[in-house]
$ cat final-v5.cif   # mmCIF, C-alpha atoms and all ligand atoms
data_data
loop_
_atom_site.label_atom_id
_atom_site.label_comp_id
_atom_site.auth_asym_id
_atom_site.auth_seq_id
_atom_site.Cartn_x
_atom_site.Cartn_y
_atom_site.Cartn_z
CA MET A 12 23.50 -11.13 -2.12
CA MET A 13 21.64 -8.13 -0.68
CA SER A 14 19.02 -6.74 -3.03
CA LYS A 15 18.94 -3.05 -3.74
CA PRO A 16 16.30 -0.94 -2.02
CA VAL A 17 13.24 -0.13 -4.14
CA LEU A 18 11.94 2.39 -1.60
CA GLU A 19 13.98 4.42 0.85
CA ALA A 20 12.62 7.09 3.12
CA HIS A 21 15.18 9.18 4.97
CA ALA A 22 14.31 11.44 7.91
CA ILE A 23 10.80 12.20 6.69
CA SER A 24 8.89 14.82 8.62
CA VAL A 25 5.44 16.12 7.76
CA ARG A 26 3.95 19.18 9.41
CA ARG A 27 0.46 20.40 8.66
CA GLY A 28 -0.16 23.71 10.38
CA PRO A 29 0.94 23.38 13.97
CA SER A 30 0.87 19.56 14.03
CA GLU A 31 3.80 17.27 13.34
CA ILE A 32 2.14 14.29 11.65
CA LEU A 33 5.35 12.38 10.85
CA ASP A 34 8.54 12.95 12.81
CA ASP A 35 11.92 11.85 11.43
CA VAL A 36 10.70 8.61 9.83
CA SER A 37 13.27 6.49 7.97
CA LEU A 38 12.78 3.10 6.37
CA SER A 39 14.12 0.99 3.55
CA VAL A 40 12.44 -1.75 1.52
CA ALA A 41 14.54 -4.12 -0.60
CA SER A 42 13.39 -4.81 -4.17
CA ASP A 43 12.36 -8.30 -3.03
CA GLY A 44 11.38 -7.21 0.47
CA GLN A 45 8.16 -7.13 2.41
CA LEU A 46 7.23 -4.76 5.19
CA LEU A 47 4.19 -4.28 7.38
CA VAL A 48 3.72 -0.83 8.93
CA ARG A 49 1.36 -1.15 11.85
CA GLY A 50 -0.16 1.62 13.86
CA PRO A 51 -3.40 2.71 15.47
CA SER A 52 -5.92 5.05 13.88
CA GLY A 53 -4.51 8.56 13.56
CA SER A 54 -0.85 7.49 13.95
CA GLY A 55 0.05 8.82 10.49
CA LYS A 56 -0.23 5.67 8.35
CA THR A 57 -2.11 7.19 5.43
CA THR A 58 0.18 10.22 5.49
CA LEU A 59 3.20 7.89 5.26
CA PHE A 60 1.49 5.89 2.47
CA ASN A 61 1.02 9.10 0.44
CA ILE A 62 4.64 10.10 0.96
CA LEU A 63 6.06 6.67 0.07
CA GLY A 64 3.85 6.59 -3.04
CA LEU A 65 5.02 10.05 -4.16
CA LEU A 66 1.45 11.30 -3.90
CA SER A 67 2.47 14.07 -1.56
CA THR A 68 5.78 15.64 -0.54
CA PRO A 69 7.25 15.76 2.95
CA THR A 70 8.02 18.97 4.82
CA SER A 71 11.58 17.67 5.11
CA GLY A 72 13.47 14.48 4.35
CA SER A 73 13.93 12.51 1.15
CA ILE A 74 12.42 9.59 -0.74
CA CYS A 75 14.37 7.41 -3.18
CA VAL A 76 12.55 5.10 -5.56
CA SER A 77 14.80 2.48 -7.19
CA GLY A 78 17.78 4.73 -6.44
CA THR A 79 16.23 7.91 -7.88
CA GLU A 80 15.84 10.81 -5.49
CA ALA A 81 12.17 11.62 -6.00
CA SER A 82 11.33 14.24 -3.39
CA THR A 83 12.85 17.07 -5.41
CA LEU A 84 11.37 16.06 -8.77
CA LYS A 85 8.61 18.00 -10.50
CA ARG A 86 5.04 16.73 -10.23
CA LYS A 87 5.07 15.28 -13.77
CA GLN A 88 8.28 13.33 -13.26
CA ARG A 89 6.99 11.97 -9.97
CA ALA A 90 3.84 10.84 -11.79
CA LEU A 91 5.95 8.91 -14.30
CA ILE A 92 7.95 7.13 -11.59
CA ARG A 93 4.68 6.34 -9.84
CA ARG A 94 3.15 4.91 -12.98
CA ASP A 95 6.16 2.79 -13.87
CA THR A 96 7.11 1.52 -10.42
CA ILE A 97 4.31 1.55 -7.87
CA GLY A 98 1.00 -0.27 -7.59
CA PHE A 99 -1.48 1.34 -5.19
CA ILE A 100 -4.23 -0.20 -3.14
CA PHE A 101 -6.09 2.70 -1.56
CA GLN A 102 -8.04 2.37 1.65
CA ASP A 103 -11.15 3.72 -0.09
CA PHE A 104 -10.41 1.79 -3.35
CA GLN A 105 -10.90 4.80 -5.68
CA LEU A 106 -12.62 2.81 -8.41
CA VAL A 107 -14.17 4.73 -11.32
CA PRO A 108 -17.97 4.34 -10.98
CA ASP A 109 -18.84 4.27 -14.68
CA LEU A 110 -16.26 1.66 -15.67
CA THR A 111 -16.81 -2.07 -15.14
CA ALA A 112 -14.67 -4.04 -12.69
CA PHE A 113 -12.50 -5.30 -15.56
CA GLU A 114 -12.15 -1.83 -17.12
CA ASN A 115 -11.17 -0.42 -13.74
CA ALA A 116 -8.47 -3.05 -13.32
CA ALA A 117 -7.26 -2.40 -16.88
CA LEU A 118 -6.85 1.36 -16.34
CA PRO A 119 -3.11 1.32 -15.55
CA GLN A 120 -2.51 -0.77 -18.69
CA ASP A 121 -4.60 1.65 -20.75
CA HIS A 122 -2.43 4.50 -19.44
CA THR A 123 0.78 2.81 -20.52
CA GLY A 124 -0.69 1.65 -23.82
CA GLU A 125 -0.67 -2.16 -23.78
CA ARG A 126 -3.54 -4.32 -22.59
CA ASP A 127 -2.51 -7.70 -21.22
CA GLU A 128 -5.92 -9.31 -20.77
CA GLU A 129 -4.46 -12.69 -19.93
CA TRP A 130 -2.68 -11.24 -16.89
CA LEU A 131 -5.84 -9.40 -15.83
CA GLU A 132 -7.82 -12.62 -16.14
CA THR A 133 -5.23 -14.44 -14.01
CA LEU A 134 -5.53 -11.71 -11.37
CA PHE A 135 -9.34 -11.91 -11.36
CA GLU A 136 -9.14 -15.70 -11.01
CA GLU A 137 -6.60 -15.58 -8.17
CA LEU A 138 -8.67 -12.99 -6.35
CA ALA A 139 -11.88 -15.03 -6.91
CA ILE A 140 -13.70 -12.22 -8.73
CA SER A 141 -13.80 -13.65 -12.29
CA HIS A 142 -17.60 -13.69 -12.18
CA LEU A 143 -17.69 -9.94 -11.55
CA THR A 144 -15.80 -8.60 -14.59
CA THR A 145 -18.76 -6.81 -16.19
CA GLN A 146 -20.26 -5.40 -13.00
CA TYR A 147 -19.96 -1.73 -12.06
CA PRO A 148 -18.45 -0.71 -8.69
CA GLY A 149 -21.85 0.46 -7.44
CA THR A 150 -23.10 -3.12 -7.63
CA LEU A 151 -20.14 -4.66 -5.76
CA SER A 152 -19.71 -5.33 -2.04
CA GLY A 153 -16.88 -3.62 -0.13
CA GLY A 154 -14.75 -6.77 -0.23
CA GLU A 155 -15.36 -7.24 -3.96
CA LYS A 156 -14.39 -3.62 -4.67
CA GLN A 157 -11.26 -4.13 -2.59
CA ARG A 158 -10.22 -7.11 -4.72
CA VAL A 159 -10.87 -5.18 -7.97
CA ALA A 160 -8.61 -2.46 -6.51
CA ILE A 161 -5.95 -5.11 -5.84
CA ALA A 162 -6.17 -6.38 -9.42
CA ARG A 163 -5.80 -2.80 -10.69
CA ALA A 164 -2.77 -2.25 -8.45
CA LEU A 165 -1.09 -5.29 -9.99
CA ALA A 166 -2.15 -4.69 -13.61
CA ASN A 167 1.21 -3.23 -14.66
CA ARG A 168 3.33 -5.67 -12.63
CA PRO A 169 4.71 -2.93 -10.38
CA ASP A 170 8.12 -3.16 -8.68
CA VAL A 171 6.50 -2.33 -5.39
CA LEU A 172 2.95 -2.79 -4.19
CA LEU A 173 1.86 -0.18 -1.69
CA ALA A 174 -1.27 -1.18 0.18
CA ASP A 175 -3.29 0.85 2.69
CA GLU A 176 -5.41 -1.57 4.77
CA PRO A 177 -5.72 -4.00 1.82
CA THR A 178 -7.86 -6.46 3.72
CA GLY A 179 -9.89 -4.02 5.81
CA GLN A 180 -13.17 -4.95 4.12
CA LEU A 181 -12.60 -8.68 3.87
CA ASP A 182 -13.83 -11.54 6.04
CA PRO A 183 -11.12 -13.73 7.64
CA LYS A 184 -11.30 -16.43 4.96
CA THR A 185 -11.01 -13.98 2.07
CA THR A 186 -8.29 -12.09 3.98
CA SER A 187 -6.19 -15.29 4.15
CA ARG A 188 -6.77 -16.00 0.48
CA VAL A 189 -5.85 -12.48 -0.64
CA LEU A 190 -2.78 -12.33 1.64
CA GLU A 191 -1.64 -15.73 0.51
CA PHE A 192 -1.92 -14.55 -3.10
CA LEU A 193 -0.06 -11.29 -2.46
CA LEU A 194 2.75 -13.13 -0.67
CA ARG A 195 2.94 -15.76 -3.42
CA LEU A 196 3.13 -13.03 -6.03
CA HIS A 197 5.79 -11.31 -3.95
CA GLU A 198 7.81 -14.56 -3.89
CA SER A 199 7.40 -15.49 -7.53
CA THR A 200 7.83 -12.09 -9.15
CA ASP A 201 9.98 -10.21 -6.63
CA THR A 202 7.32 -7.56 -6.23
CA ALA A 203 8.21 -5.71 -3.05
CA LEU A 204 5.24 -5.52 -0.70
CA VAL A 205 4.58 -2.63 1.66
CA THR A 206 1.38 -2.90 3.65
CA ILE A 207 0.01 -0.39 6.09
CA SER A 208 -2.54 -1.62 8.57
CA HIS A 209 -3.89 -1.38 12.10
CA ASP A 210 -4.65 -5.12 12.06
CA PRO A 211 -2.34 -7.08 14.43
CA SER A 212 -3.30 -10.40 12.81
CA LEU A 213 -1.34 -9.48 9.65
CA GLU A 214 1.93 -9.50 11.60
CA ARG A 215 2.41 -13.24 11.45
CA GLU A 216 2.28 -13.13 7.64
CA PHE A 217 5.09 -10.60 7.22
CA ASP A 218 8.86 -11.00 7.58
CA GLN A 219 9.24 -7.54 9.03
CA THR A 220 6.93 -5.27 10.98
CA VAL A 221 7.55 -1.70 12.09
CA TYR A 222 5.27 0.37 14.28
CA LEU A 223 4.00 3.88 13.80
CA GLU A 224 2.88 5.68 16.94
CA ASN A 225 2.07 9.41 17.04
CA GLY A 226 4.06 9.98 13.85
CA SER A 227 7.25 8.18 14.99
CA LEU A 228 8.42 4.82 13.67
CA TYR A 229 9.67 2.03 15.96
CA ASP A 230 11.20 -1.39 15.29
CA ASP A 231 9.42 -2.86 18.29
CA ALA A 232 5.81 -2.52 19.32
CA PRO A 233 5.49 0.39 21.76
CA SER A 234 4.82 -1.17 25.16
CA ASN A 235 1.33 0.30 25.57
CA SER A 236 0.08 -0.99 22.22
CA ARG A 237 1.72 -4.38 22.83
CA GLN A 238 -0.08 -4.60 26.12
CA SER A 239 -3.39 -3.72 24.57
CA HIS A 240 -3.07 -6.72 22.23
CA VAL A 241 -2.14 -9.26 24.89
CA GLN A 242 -4.60 -12.10 24.66
CA PRO A 243 -5.76 -13.66 27.92
CA LEU A 244 -4.44 -17.21 28.25
N1 LIG A 301 -3.75 17.86 6.00
C1 LIG A 301 -3.83 17.69 7.32
N2 LIG A 301 -3.96 18.75 8.16
C2 LIG A 301 -4.03 18.59 9.50
N3 LIG A 301 -4.00 17.38 10.11
C3 LIG A 301 -3.88 16.29 9.33
C4 LIG A 301 -3.78 16.37 7.91
N4 LIG A 301 -3.67 15.11 7.40
C5 LIG A 301 -3.70 14.28 8.47
N5 LIG A 301 -3.82 14.98 9.63
C6 LIG A 301 -3.85 14.42 11.00
O1 LIG A 301 -2.68 13.62 11.16
C7 LIG A 301 -2.96 12.45 11.91
C8 LIG A 301 -2.57 11.21 11.10
O2 LIG A 301 -3.46 11.05 10.00
P1 LIG A 301 -3.44 9.76 9.06
O3 LIG A 301 -4.62 9.85 8.13
O4 LIG A 301 -2.11 9.64 8.43
O5 LIG A 301 -3.63 8.60 10.14
P2 LIG A 301 -3.89 7.02 9.94
O6 LIG A 301 -2.91 6.35 10.82
O7 LIG A 301 -3.89 6.67 8.50
O8 LIG A 301 -5.36 6.85 10.53
P3 LIG A 301 -6.53 5.80 10.10
O9 LIG A 301 -6.00 4.43 10.43
O10 LIG A 301 -7.67 6.24 11.00
O11 LIG A 301 -6.81 6.02 8.65
C9 LIG A 301 -4.43 12.53 12.26
O12 LIG A 301 -4.54 13.01 13.57
C10 LIG A 301 -5.00 13.49 11.25
O13 LIG A 301 -6.11 14.16 11.77
#
$ encode --input "final-v5.cif" --output "structure tokens"
Amino acid sequence: MMSKPVLEAHAISVRRGPSEILDDVSLSVASDGQLLVRGPSGSGKTTLFNILGLLSTPTSGSICVSGTEASTLKRKQRALIRRDTIGFIFQDFQLVPDLTAFENAALPQDHTGERDEEWLETLFEELAISHLTTQYPGTLSGGEKQRVAIARALANRPDVLLADEPTGQLDPKTTSRVLEFLLRLHESTDTALVTISHDPSLEREFDQTVYLENGSLYDDAPSNSRQSHVQPL
């Protein structure tokens, strides 16, 4: 049976001043789906991330989250859908400096009212950061902060995890571990996984990859970027 889409973008365009940053972008992610959006720096990835996460609104086009048309909703209603449906991993983490790693990860639970410390502890264990619970972000490495941000994104067991370069700060070994965990979680809990990245090595981990180039989305790698990643034999 086909699963219902959790995220659907239809004909999204974003113009900022004279520039067209996204041009007629459409995509659909099933509630148990996984999608990698790849594209070079400046192609519009973060802009698309913000639109898909209802953090900003498109110039034209629509976004449906679990069947609800969200692009026309008021800011407050969008915030509620965001809180109840989407887990965010931001490129720059956005951890709160005067909260510990554990308190940062618990924030989404504190916003909805119920702490589930057992789940948070599981997340810290899986992400190999259990020894860092009482440390403040200022004392953590980039890769450690990134994993705290991942734990926070998963704290409320979101329907869809939206990740902007989730492994950008990690070494290859930790990247594999974190990806393996995200994909396992995706399998076992039907959390849809949408990852945005410039990193071609993530492609082999994902069922489906689409390519963003100059604000347009393609199903196949544009020939110039494919060429630039050809490895010599
Ligand atoms: N508010 C804005 N006003 C004008 N131009 C913008 C605005 N936001 C983004 N842009 C431009 O749109 C393009 C896409 O930006 P975006 O941040 O989405 O790219 P990206 O693919 O995420 O890049 P990176 O991988 O380097 O983070 C860039 O050229 C950027 O300068």
$ residues_near_point --input "final-v5.cif" --point "(13.7, -0.7, -5.0)" --cutoff "10 Å" --atoms "only C-alpha atoms" --output "PyMOL selection string"
chain A and resi 14-19+39-44+75-79+96+170-171+202-203
$ closest_atom_pairs --input "final-v5.cif" --of "chain A" --to "ligand LIG 301 (chain A)" --cutoff "9 Å" --atoms "only C-alpha atoms and all ligand atoms" --output "CSV"
residue,atom,partner,partner_atom,distance
A:Arg26,CA,A:LIG301,C2,8.0
A:Arg27,CA,A:LIG301,N2,4.7
A:Gly28,CA,A:LIG301,C2,6.5
A:Pro29,CA,A:LIG301,C2,8.2
A:Ser30,CA,A:LIG301,N3,6.6
A:Glu31,CA,A:LIG301,O1,7.8
A:Ile32,CA,A:LIG301,O1,4.9
A:Leu33,CA,A:LIG301,C8,8.0
A:Arg49,CA,A:LIG301,O6,8.7
A:Gly50,CA,A:LIG301,O6,6.3
A:Pro51,CA,A:LIG301,O6,5.9
A:Ser52,CA,A:LIG301,O9,3.5
A:Gly53,CA,A:LIG301,O5,3.5
A:Ser54,CA,A:LIG301,O6,3.9
A:Gly55,CA,A:LIG301,O4,3.1
A:Lys56,CA,A:LIG301,O6,3.7
A:Thr57,CA,A:LIG301,O7,3.6
A:Thr58,CA,A:LIG301,O4,3.8
A:Leu59,CA,A:LIG301,O4,6.4
A:Phe60,CA,A:LIG301,O4,7.9
A:Asn61,CA,A:LIG301,O4,8.6
A:Gln102,CA,A:LIG301,O11,8.0
A:Asp175,CA,A:LIG301,O7,8.2
A:Glu176,CA,A:LIG301,O9,8.3
A:Ile207,CA,A:LIG301,O7,8.4
A:Ser208,CA,A:LIG301,O9,7.2
A:His209,CA,A:LIG301,O9,6.4
A:Leu223,CA,A:LIG301,O6,7.9
A:Glu224,CA,A:LIG301,O6,8.5
A:Asn225,CA,A:LIG301,C8,7.7
A:Gly226,CA,A:LIG301,C8,7.3
$ closest_residue --input "final-v5.cif" --among "A:Gln219, A:Ser212, A:Thr144, A:Thr68" --to "Thr178 (chain A)" --atoms "all atoms listed in the file"
A:Ser212
$ atom_distance --input "final-v5.cif" --atom1 "CA of Asp218 (chain A)" --atom2 "CA of Asp34 (chain A)"
24.5 Å
$ closest_residue --input "final-v5.cif" --among "A:Ala90, A:Ala112, A:Ala20, A:Val159" --to "Pro69 (chain A)" --atoms "only C-alpha atoms"
A:Ala20
$ residues_around --input "final-v5.cif" --residues "Leu118 (chain A)" --least-positions-apart "4" --cutoff "12 Å" --atoms "all atoms listed in the file" --output "count of residues only"
26
$ atom_distance --input "final-v5.cif" --atom1 "CA of Pro148 (chain A)" --atom2 "CA of Arg89 (chain A)"
28.5 Å
